[in-house]
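What follows is a short report on a single structure.
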Amino acid sequence: MFDRKAQLLKPKELKRLQLLKLRKTVRHAYRNVPLVRRRFGEANVKPESIRTLEDVQKIPFTVKTDLRDNYPLGILAVPQTRLYCLHASSGTTGKPIIMAYTRGDLERWSRLMGRTFDVAGVRKGDIVQNMFGYGLFTGGLGFHYGARAVGATVIPTSTGNTKRQLMLMKDLRSSVAASTPSYMVYLCEASRVEGYEPKRDFSLKIGLFGAEPWSEEARKRIEDVFGLRAHDCYGMSELYGPGVGIECENRNGLHVWSDEFLVETINPDTGEVLEPGKEGELVFTMLSREAMPLLRYRTRDLSRVFEEECECGRYHPRIQRIKGRSDDMLIVGGVNVFPSQVEHVLMNIPSLGDQYQIIVSHRELAQLAVKAETSADKLNDPALLKEIQSDLFAVLGIRAEV
Ligand SMILES: [Zn+2]
């Protein structure tokens, strides 16, 4: 087992470590980041105020706009000469967010990714086809580091070029696929179009998928087509990148590596801290980050936290698979709609294809329309239209034009 001691930490030791690291990180951030010092001052909190793990609740939140407003490196906690690497988020509007790493940060991130690969069963001898984008995005290099940490062979195919992707997958006998779930769903169909019989032609046995919410139905489709075992991975660029959480063999939530990330859930509207088990917005405090020590970072991701021991023997708390990012949530006629709910419905209807489009129009009343694909003989089949409509209504509670 890779990094065995950390993977199997018992609750008491875990809590002791968390508190030790939390106090150290808080002192580091307070001393070196003017924004943190100012926020602590406004909240009348000092590093000495943090005496127990519960005291984390005294710390003011950090939000995405804090990072954007301090572009490019305004929240750096170390001299720039100590930086080993920089990444940037794909900002949808305006300036991106810059992520900075010291040598220690990169080593920690690699180790977290190594644990992630290990939990999914990836070993030396495995051939990892890494279809995450290499570059400023943290996905490509994050998964690359993980494969290297466990001693597997990595093929950095990066995104796109589907024909070459499939050819290498077959010829190099890739045993592990790492990609976004939507790209893997796309490959289900694309591989057949290109003349492959996936189970016969490919040697995939493990899949590591993340960077976007996906449904159980998408998982089932990927597993059925490729005959692999799919694990959900969680992370985000602000928190090193991928490597925050991973599903173990039981796949009943994702273990969060809590010796490095303290996880809380809050009510996204009021900021109130919720009991474990209650659904809310995930908030993470990075416990050892040197270059960018984020305290109580609000992710906008909605989930719940389970603290019970898992059958796998790990005590790292689990989070439920992400239903959606609160930023992705659509409000249609006063009803909350997540794209993953629409996906769930469409993937359960066998005569529909893998791709879909959700259209929200705001004329007088917000309206939801869904475009799905099917074979030519089923096109505009009234029975199929009715089935989709009534299934969407059953899940969403609103009518959608199909
Ligand atoms: Zn487990």
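Ligands are numbered from 1 in the order shown, chains are lettered A, B, ... in the order of the structure tokens, and residues start at 1 in each chain.
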
key: Secondary structure check, helix (DSSP H, G or I) residues of range 33-90 of chain A, as number ranges by chain   = A: 34-42, 47-49, 53-58, 64-69, 80-82

Write a file of the selected residues as a PDB file, in the first residue's frame, keeping N, CA and C atoms.
ATOM      1  N   PRO A  34      -1.053  39.248   3.705  1.00  0.00           N
ATOM      2  CA  PRO A  34      -1.748  40.438   4.223  1.00  0.00           C
ATOM      3  C   PRO A  34      -3.274  40.270   4.265  1.00  0.00           C
ATOM      4  N   LEU A  35      -3.834  39.607   3.222  1.00  0.00           N
ATOM      5  CA  LEU A  35      -5.294  39.417   3.197  1.00  0.00           C
ATOM      6  C   LEU A  35      -5.762  38.632   4.416  1.00  0.00           C
ATOM      7  N   VAL A  36      -5.025  37.591   4.780  1.00  0.00           N
ATOM      8  CA  VAL A  36      -5.400  36.765   5.935  1.00  0.00           C
ATOM      9  C   VAL A  36      -5.324  37.611   7.210  1.00  0.00           C
ATOM     10  N   ARG A  37      -4.258  38.397   7.330  1.00  0.00           N
ATOM     11  CA  ARG A  37      -4.091  39.223   8.530  1.00  0.00           C
ATOM     12  C   ARG A  37      -5.249  40.219   8.654  1.00  0.00           C
ATOM     13  N   ARG A  38      -5.624  40.802   7.519  1.00  0.00           N
ATOM     14  CA  ARG A  38      -6.713  41.780   7.539  1.00  0.00           C
ATOM     15  C   ARG A  38      -8.033  41.117   7.932  1.00  0.00           C
ATOM     16  N   ARG A  39      -8.317  39.950   7.323  1.00  0.00           N
ATOM     17  CA  ARG A  39      -9.572  39.249   7.629  1.00  0.00           C
ATOM     18  C   ARG A  39      -9.623  38.796   9.093  1.00  0.00           C
ATOM     19  N   PHE A  40      -8.513  38.299   9.588  1.00  0.00           N
ATOM     20  CA  PHE A  40      -8.462  37.881  10.995  1.00  0.00           C
ATOM     21  C   PHE A  40      -8.744  39.092  11.891  1.00  0.00           C
ATOM     22  N   GLY A  41      -8.151  40.241  11.548  1.00  0.00           N
ATOM     23  CA  GLY A  41      -8.357  41.466  12.320  1.00  0.00           C
ATOM     24  C   GLY A  41      -9.827  41.848  12.347  1.00  0.00           C
ATOM     25  N   GLU A  42     -10.465  41.790  11.166  1.00  0.00           N
ATOM     26  CA  GLU A  42     -11.891  42.158  11.079  1.00  0.00           C
ATOM     27  C   GLU A  42     -12.747  41.223  11.929  1.00  0.00           C
ATOM     28  N   PRO A  47      -3.990  34.014  15.582  1.00  0.00           N
ATOM     29  CA  PRO A  47      -3.578  32.609  15.447  1.00  0.00           C
ATOM     30  C   PRO A  47      -3.687  31.870  16.780  1.00  0.00           C
ATOM     31  N   GLU A  48      -3.439  32.556  17.888  1.00  0.00           N
ATOM     32  CA  GLU A  48      -3.511  31.915  19.217  1.00  0.00           C
ATOM     33  C   GLU A  48      -4.948  31.526  19.570  1.00  0.00           C
ATOM     34  N   SER A  49      -5.942  32.095  18.843  1.00  0.00           N
ATOM     35  CA  SER A  49      -7.346  31.749  19.151  1.00  0.00           C
ATOM     36  C   SER A  49      -7.662  30.323  18.726  1.00  0.00           C
ATOM     37  N   LEU A  53      -9.690  21.773  17.176  1.00  0.00           N
ATOM     38  CA  LEU A  53     -10.116  21.646  15.780  1.00  0.00           C
ATOM     39  C   LEU A  53     -11.408  22.423  15.520  1.00  0.00           C
ATOM     40  N   GLU A  54     -12.275  22.474  16.528  1.00  0.00           N
ATOM     41  CA  GLU A  54     -13.547  23.199  16.365  1.00  0.00           C
ATOM     42  C   GLU A  54     -13.302  24.702  16.166  1.00  0.00           C
ATOM     43  N   ASP A  55     -12.182  25.187  16.696  1.00  0.00           N
ATOM     44  CA  ASP A  55     -11.872  26.614  16.555  1.00  0.00           C
ATOM     45  C   ASP A  55     -11.688  27.030  15.100  1.00  0.00           C
ATOM     46  N   VAL A  56     -11.569  26.069  14.197  1.00  0.00           N
ATOM     47  CA  VAL A  56     -11.452  26.404  12.773  1.00  0.00           C
ATOM     48  C   VAL A  56     -12.654  27.268  12.352  1.00  0.00           C
ATOM     49  N   GLN A  57     -13.780  27.071  13.056  1.00  0.00           N
ATOM     50  CA  GLN A  57     -14.993  27.826  12.715  1.00  0.00           C
ATOM     51  C   GLN A  57     -14.848  29.322  12.964  1.00  0.00           C
ATOM     52  N   LYS A  58     -13.841  29.713  13.740  1.00  0.00           N
ATOM     53  CA  LYS A  58     -13.614  31.150  13.988  1.00  0.00           C
ATOM     54  C   LYS A  58     -12.937  31.821  12.792  1.00  0.00           C
ATOM     55  N   LYS A  64     -13.534  32.260  -3.981  1.00  0.00           N
ATOM     56  CA  LYS A  64     -12.842  32.300  -5.274  1.00  0.00           C
ATOM     57  C   LYS A  64     -12.470  33.729  -5.680  1.00  0.00           C
ATOM     58  N   THR A  65     -13.361  34.687  -5.416  1.00  0.00           N
ATOM     59  CA  THR A  65     -13.065  36.067  -5.832  1.00  0.00           C
ATOM     60  C   THR A  65     -11.859  36.628  -5.079  1.00  0.00           C
ATOM     61  N   ASP A  66     -11.570  36.107  -3.877  1.00  0.00           N
ATOM     62  CA  ASP A  66     -10.355  36.552  -3.173  1.00  0.00           C
ATOM     63  C   ASP A  66      -9.123  36.242  -4.013  1.00  0.00           C
ATOM     64  N   LEU A  67      -9.141  35.071  -4.658  1.00  0.00           N
ATOM     65  CA  LEU A  67      -8.003  34.675  -5.480  1.00  0.00           C
ATOM     66  C   LEU A  67      -7.955  35.530  -6.744  1.00  0.00           C
ATOM     67  N   ARG A  68      -9.116  35.752  -7.328  1.00  0.00           N
ATOM     68  CA  ARG A  68      -9.173  36.529  -8.569  1.00  0.00           C
ATOM     69  C   ARG A  68      -8.781  37.987  -8.312  1.00  0.00           C
ATOM     70  N   ASP A  69      -9.279  38.544  -7.197  1.00  0.00           N
ATOM     71  CA  ASP A  69      -8.993  39.947  -6.871  1.00  0.00           C
ATOM     72  C   ASP A  69      -7.515  40.163  -6.570  1.00  0.00           C
ATOM     73  N   GLN A  80       8.871  34.501  -3.921  1.00  0.00           N
ATOM     74  CA  GLN A  80       8.664  33.914  -5.242  1.00  0.00           C
ATOM     75  C   GLN A  80       9.803  32.974  -5.660  1.00  0.00           C
ATOM     76  N   THR A  81      10.981  33.206  -5.121  1.00  0.00           N
ATOM     77  CA  THR A  81      12.121  32.348  -5.470  1.00  0.00           C
ATOM     78  C   THR A  81      11.934  30.925  -4.973  1.00  0.00           C
ATOM     79  N   ARG A  82      11.017  30.708  -4.043  1.00  0.00           N
ATOM     80  CA  ARG A  82      10.802  29.347  -3.529  1.00  0.00           C
ATOM     81  C   ARG A  82       9.802  28.560  -4.381  1.00  0.00           C
TER      82      ARG A  82
END

request  = Step one, run DSSP on the backbone; step two, keep only residues of range 18-223 of chain A assigned to strand (DSSP E); then write them as an NGL selection string.
outcome  = :A and (83-88 or 98-102 or 127-130 or 153-155 or 176-179 or 206-210)

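CA of Met286 in chain A lies 10.9 Å from CA of Ala29 in chain A.
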
What are the nearest atom pairs, with distances in Å to one decimal, for all residues of chain A that come at most 9 Å from ligand 1, using only C-alpha atoms and all ligand atoms, set out by chain and rising residue number as a Markdown table?
| residue | atom | partner | partner_atom_place_in_ligand_line | distance |
| --- | --- | --- | --- | --- |
| A:Val119 | CA | ligand 1 | 1 (Zn) | 8.7 |
| A:Ile246 | CA | ligand 1 | 1 (Zn) | 9.0 |
| A:Glu247 | CA | ligand 1 | 1 (Zn) | 6.9 |
| A:Cys248 | CA | ligand 1 | 1 (Zn) | 4.6 |
| A:Glu249 | CA | ligand 1 | 1 (Zn) | 6.6 |
| A:Asn250 | CA | ligand 1 | 1 (Zn) | 5.9 |
| A:Arg251 | CA | ligand 1 | 1 (Zn) | 7.2 |
| A:Asn252 | CA | ligand 1 | 1 (Zn) | 7.4 |
| A:Gly253 | CA | ligand 1 | 1 (Zn) | 7.9 |
| A:Leu254 | CA | ligand 1 | 1 (Zn) | 7.7 |
| A:His255 | CA | ligand 1 | 1 (Zn) | 6.5 |
| A:Glu309 | CA | ligand 1 | 1 (Zn) | 7.8 |
| A:Cys310 | CA | ligand 1 | 1 (Zn) | 4.5 |
| A:Glu311 | CA | ligand 1 | 1 (Zn) | 5.8 |
| A:Cys312 | CA | ligand 1 | 1 (Zn) | 4.3 |
| A:Gly313 | CA | ligand 1 | 1 (Zn) | 6.4 |
| A:Arg314 | CA | ligand 1 | 1 (Zn) | 5.6 |
| A:Tyr315 | CA | ligand 1 | 1 (Zn) | 7.9 |
| A:His316 | CA | ligand 1 | 1 (Zn) | 8.1 |
| A:Pro317 | CA | ligand 1 | 1 (Zn) | 8.9 |
| A:Arg318 | CA | ligand 1 | 1 (Zn) | 7.9 |

query = range 7-19 of chain A: which residues within 9 Å, counting only C-alpha atoms, same-chain residues fewer than 5 positions away excluded, as a ChimeraX atom specification?
reply = /A:1-2,24,50-53,115,257-262,287,313-316

Would you export the selected residues with N, CA and C atoms as an mmCIF file, in the first residue's frame, please?
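Writing done, so here's part-v1.cif:
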data_model
loop_
_atom_site.group_PDB
_atom_site.id
_atom_site.type_symbol
_atom_site.label_atom_id
_atom_site.label_comp_id
_atom_site.auth_asym_id
_atom_site.auth_seq_id
_atom_site.Cartn_x
_atom_site.Cartn_y
_atom_site.Cartn_z
ATOM 1 N N MET A 1 0.847 -1.196 0.000
ATOM 2 C CA MET A 1 0.000 0.000 0.000
ATOM 3 C C MET A 1 0.879 1.242 0.000
ATOM 4 N N PHE A 2 0.600 2.146 -0.929
ATOM 5 C CA PHE A 2 1.393 3.363 -1.040
ATOM 6 C C PHE A 2 1.054 4.313 0.112
ATOM 7 N N LYS A 24 -0.104 25.346 12.777
ATOM 8 C CA LYS A 24 1.102 25.755 12.060
ATOM 9 C C LYS A 24 0.739 26.537 10.783
ATOM 10 N N ILE A 50 -6.799 29.726 17.886
ATOM 11 C CA ILE A 50 -7.080 28.382 17.364
ATOM 12 C C ILE A 50 -6.428 27.365 18.300
ATOM 13 N N ARG A 51 -7.221 26.824 19.225
ATOM 14 C CA ARG A 51 -6.683 25.871 20.208
ATOM 15 C C ARG A 51 -7.205 24.455 19.986
ATOM 16 N N THR A 52 -8.379 24.346 19.393
ATOM 17 C CA THR A 52 -8.952 23.018 19.129
ATOM 18 C C THR A 52 -9.343 22.961 17.649
ATOM 19 N N LEU A 53 -9.690 21.773 17.176
ATOM 20 C CA LEU A 53 -10.116 21.646 15.780
ATOM 21 C C LEU A 53 -11.408 22.423 15.520
ATOM 22 N N ARG A 115 -1.556 8.056 -3.467
ATOM 23 C CA ARG A 115 -2.550 7.366 -2.638
ATOM 24 C C ARG A 115 -3.826 7.134 -3.439
ATOM 25 N N TRP A 257 -8.587 12.960 1.932
ATOM 26 C CA TRP A 257 -7.307 12.778 2.662
ATOM 27 C C TRP A 257 -7.211 13.838 3.750
ATOM 28 N N SER A 258 -7.781 13.492 4.906
ATOM 29 C CA SER A 258 -8.016 14.511 5.921
ATOM 30 C C SER A 258 -6.791 14.829 6.763
ATOM 31 N N ASP A 259 -5.666 14.163 6.528
ATOM 32 C CA ASP A 259 -4.440 14.635 7.172
ATOM 33 C C ASP A 259 -3.889 15.842 6.413
ATOM 34 N N GLU A 260 -4.448 16.112 5.225
ATOM 35 C CA GLU A 260 -4.048 17.289 4.458
ATOM 36 C C GLU A 260 -5.180 18.283 4.209
ATOM 37 N N PHE A 261 -6.428 17.813 4.316
ATOM 38 C CA PHE A 261 -7.569 18.694 4.074
ATOM 39 C C PHE A 261 -8.591 18.538 5.199
ATOM 40 N N LEU A 262 -8.865 19.622 5.882
ATOM 41 C CA LEU A 262 -9.923 19.602 6.883
ATOM 42 C C LEU A 262 -11.218 19.960 6.162
ATOM 43 N N LEU A 287 -4.033 21.854 5.057
ATOM 44 C CA LEU A 287 -3.293 21.773 6.316
ATOM 45 C C LEU A 287 -1.787 21.915 6.182
ATOM 46 N N GLY A 313 -11.398 0.017 6.074
ATOM 47 C CA GLY A 313 -10.463 0.192 7.178
ATOM 48 C C GLY A 313 -9.868 1.587 7.277
ATOM 49 N N ARG A 314 -10.253 2.453 6.322
ATOM 50 C CA ARG A 314 -9.740 3.823 6.390
ATOM 51 C C ARG A 314 -10.706 4.693 7.192
ATOM 52 N N TYR A 315 -10.127 5.562 8.018
ATOM 53 C CA TYR A 315 -10.953 6.470 8.817
ATOM 54 C C TYR A 315 -11.065 7.861 8.195
ATOM 55 N N HIS A 316 -10.411 8.081 7.069
ATOM 56 C CA HIS A 316 -10.564 9.383 6.415
ATOM 57 C C HIS A 316 -12.038 9.560 6.075
#

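Of the listed residues (A:Lys163, A:Arg399, A:Arg31, A:Lys170), A:Arg31 comes nearest to Lys46 in chain A; the distances count only C-alpha atoms.
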
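Of the listed residues (A:Lys21, A:Lys278, A:His231, A:Lys378), A:His231 comes nearest to Thr116 in chain A; the distances count only C-alpha atoms.
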
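Rounded to one decimal, CA of Leu392 in chain A and CA of Asp301 in chain A lie 23.1 Å from each other.
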
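Interatomic distance, CA of Ser174 in chain A to CA of Thr138 in chain A: 21.9 Å.
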
query = Counting only C-alpha atoms, what is within 8 Å of Ala88 in chain A, bar same-chain residues fewer than 4 positions away, as a ChimeraX atom specification?
reply = /A:96-99,136-138,237

Based on the selection just made, write N, CA, C and O atoms of those residues as a PDB file, in the first residue's frame.
ATOM      1  N   PRO A  96      -7.612  34.621 -15.054  1.00  0.00           N
ATOM      2  CA  PRO A  96      -7.613  33.300 -14.417  1.00  0.00           C
ATOM      3  C   PRO A  96      -7.141  33.408 -12.962  1.00  0.00           C
ATOM      4  O   PRO A  96      -6.730  34.474 -12.513  1.00  0.00           O
ATOM      5  N   ILE A  97      -7.192  32.291 -12.259  1.00  0.00           N
ATOM      6  CA  ILE A  97      -6.631  32.223 -10.913  1.00  0.00           C
ATOM      7  C   ILE A  97      -5.300  31.503 -11.034  1.00  0.00           C
ATOM      8  O   ILE A  97      -5.211  30.467 -11.683  1.00  0.00           O
ATOM      9  N   ILE A  98      -4.264  32.066 -10.418  1.00  0.00           N
ATOM     10  CA  ILE A  98      -2.935  31.445 -10.496  1.00  0.00           C
ATOM     11  C   ILE A  98      -2.708  30.598  -9.256  1.00  0.00           C
ATOM     12  O   ILE A  98      -2.969  31.033  -8.134  1.00  0.00           O
ATOM     13  N   MET A  99      -2.253  29.365  -9.474  1.00  0.00           N
ATOM     14  CA  MET A  99      -1.943  28.462  -8.376  1.00  0.00           C
ATOM     15  C   MET A  99      -0.433  28.288  -8.284  1.00  0.00           C
ATOM     16  O   MET A  99       0.212  28.014  -9.291  1.00  0.00           O
ATOM     17  N   LEU A 136      -1.662  24.320 -18.272  1.00  0.00           N
ATOM     18  CA  LEU A 136      -1.977  25.135 -17.091  1.00  0.00           C
ATOM     19  C   LEU A 136      -2.984  24.451 -16.178  1.00  0.00           C
ATOM     20  O   LEU A 136      -2.950  24.593 -14.964  1.00  0.00           O
ATOM     21  N   PHE A 137      -3.907  23.693 -16.778  1.00  0.00           N
ATOM     22  CA  PHE A 137      -4.892  22.930 -16.021  1.00  0.00           C
ATOM     23  C   PHE A 137      -4.153  21.888 -15.168  1.00  0.00           C
ATOM     24  O   PHE A 137      -3.197  21.269 -15.633  1.00  0.00           O
ATOM     25  N   THR A 138      -4.605  21.699 -13.922  1.00  0.00           N
ATOM     26  CA  THR A 138      -3.877  20.810 -13.006  1.00  0.00           C
ATOM     27  C   THR A 138      -4.140  19.328 -13.258  1.00  0.00           C
ATOM     28  O   THR A 138      -3.443  18.476 -12.719  1.00  0.00           O
ATOM     29  N   SER A 237      -8.354  22.823  -8.705  1.00  0.00           N
ATOM     30  CA  SER A 237      -7.041  23.456  -8.860  1.00  0.00           C
ATOM     31  C   SER A 237      -6.614  24.241  -7.625  1.00  0.00           C
ATOM     32  O   SER A 237      -5.449  24.235  -7.253  1.00  0.00           O
TER      33      SER A 237
END

Please build the interface table for range 296-323 of chain A against range 334-350 of chain A with a cut-off of 12 Å, listing for each qualifying residue the nearest atom pair and the distance in Å to one decimal; count only C-alpha atoms, order rows by chain and increasing number, and write it as CSV.
residue,atom,partner,partner_atom,distance
A:Asp301,CA,A:Phe338,CA,11.8
A:Leu302,CA,A:Phe338,CA,10.8
A:Arg321,CA,A:Ser340,CA,11.2
A:Ile322,CA,A:Ser340,CA,9.4
A:Lys323,CA,A:Ser340,CA,6.6

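Minimum atom-to-atom distance to Ile266 in chain A, evaluated using only C-alpha atoms, belongs to A:Thr299 out of A:Thr162, A:Asn130, A:Thr157, A:Thr299.
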
Shell of 9 Å around Tyr240 in chain A, only C-alpha atoms, local chain residues under 6 positions omitted, as an MDAnalysis selection string = chainID A and resid 99:101 105:106 109 138 142 289

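The protein and nucleic acid residues lying at most 10 Å from Phe226 in chain A are Met184, Leu187, Cys188, Ser191, Glu197, Pro198, Lys199, Arg200, Asp201, Phe202, Ser203, Leu204, Lys205, Ile206, Gly207, Arg221, Ile222, Glu223, Asp224, Leu228, Arg229 and Ala230 of chain A, with only C-alpha atoms considered and sequence neighbours fewer than 2 positions away removed.
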
request  = Find the residues around Gly243 in chain A up to 6 Å (only C-alpha atoms counted), leave out those fewer than 3 positions away in its own chain, and share them as a ChimeraX atom specification.
outcome  = /A:112-113,235
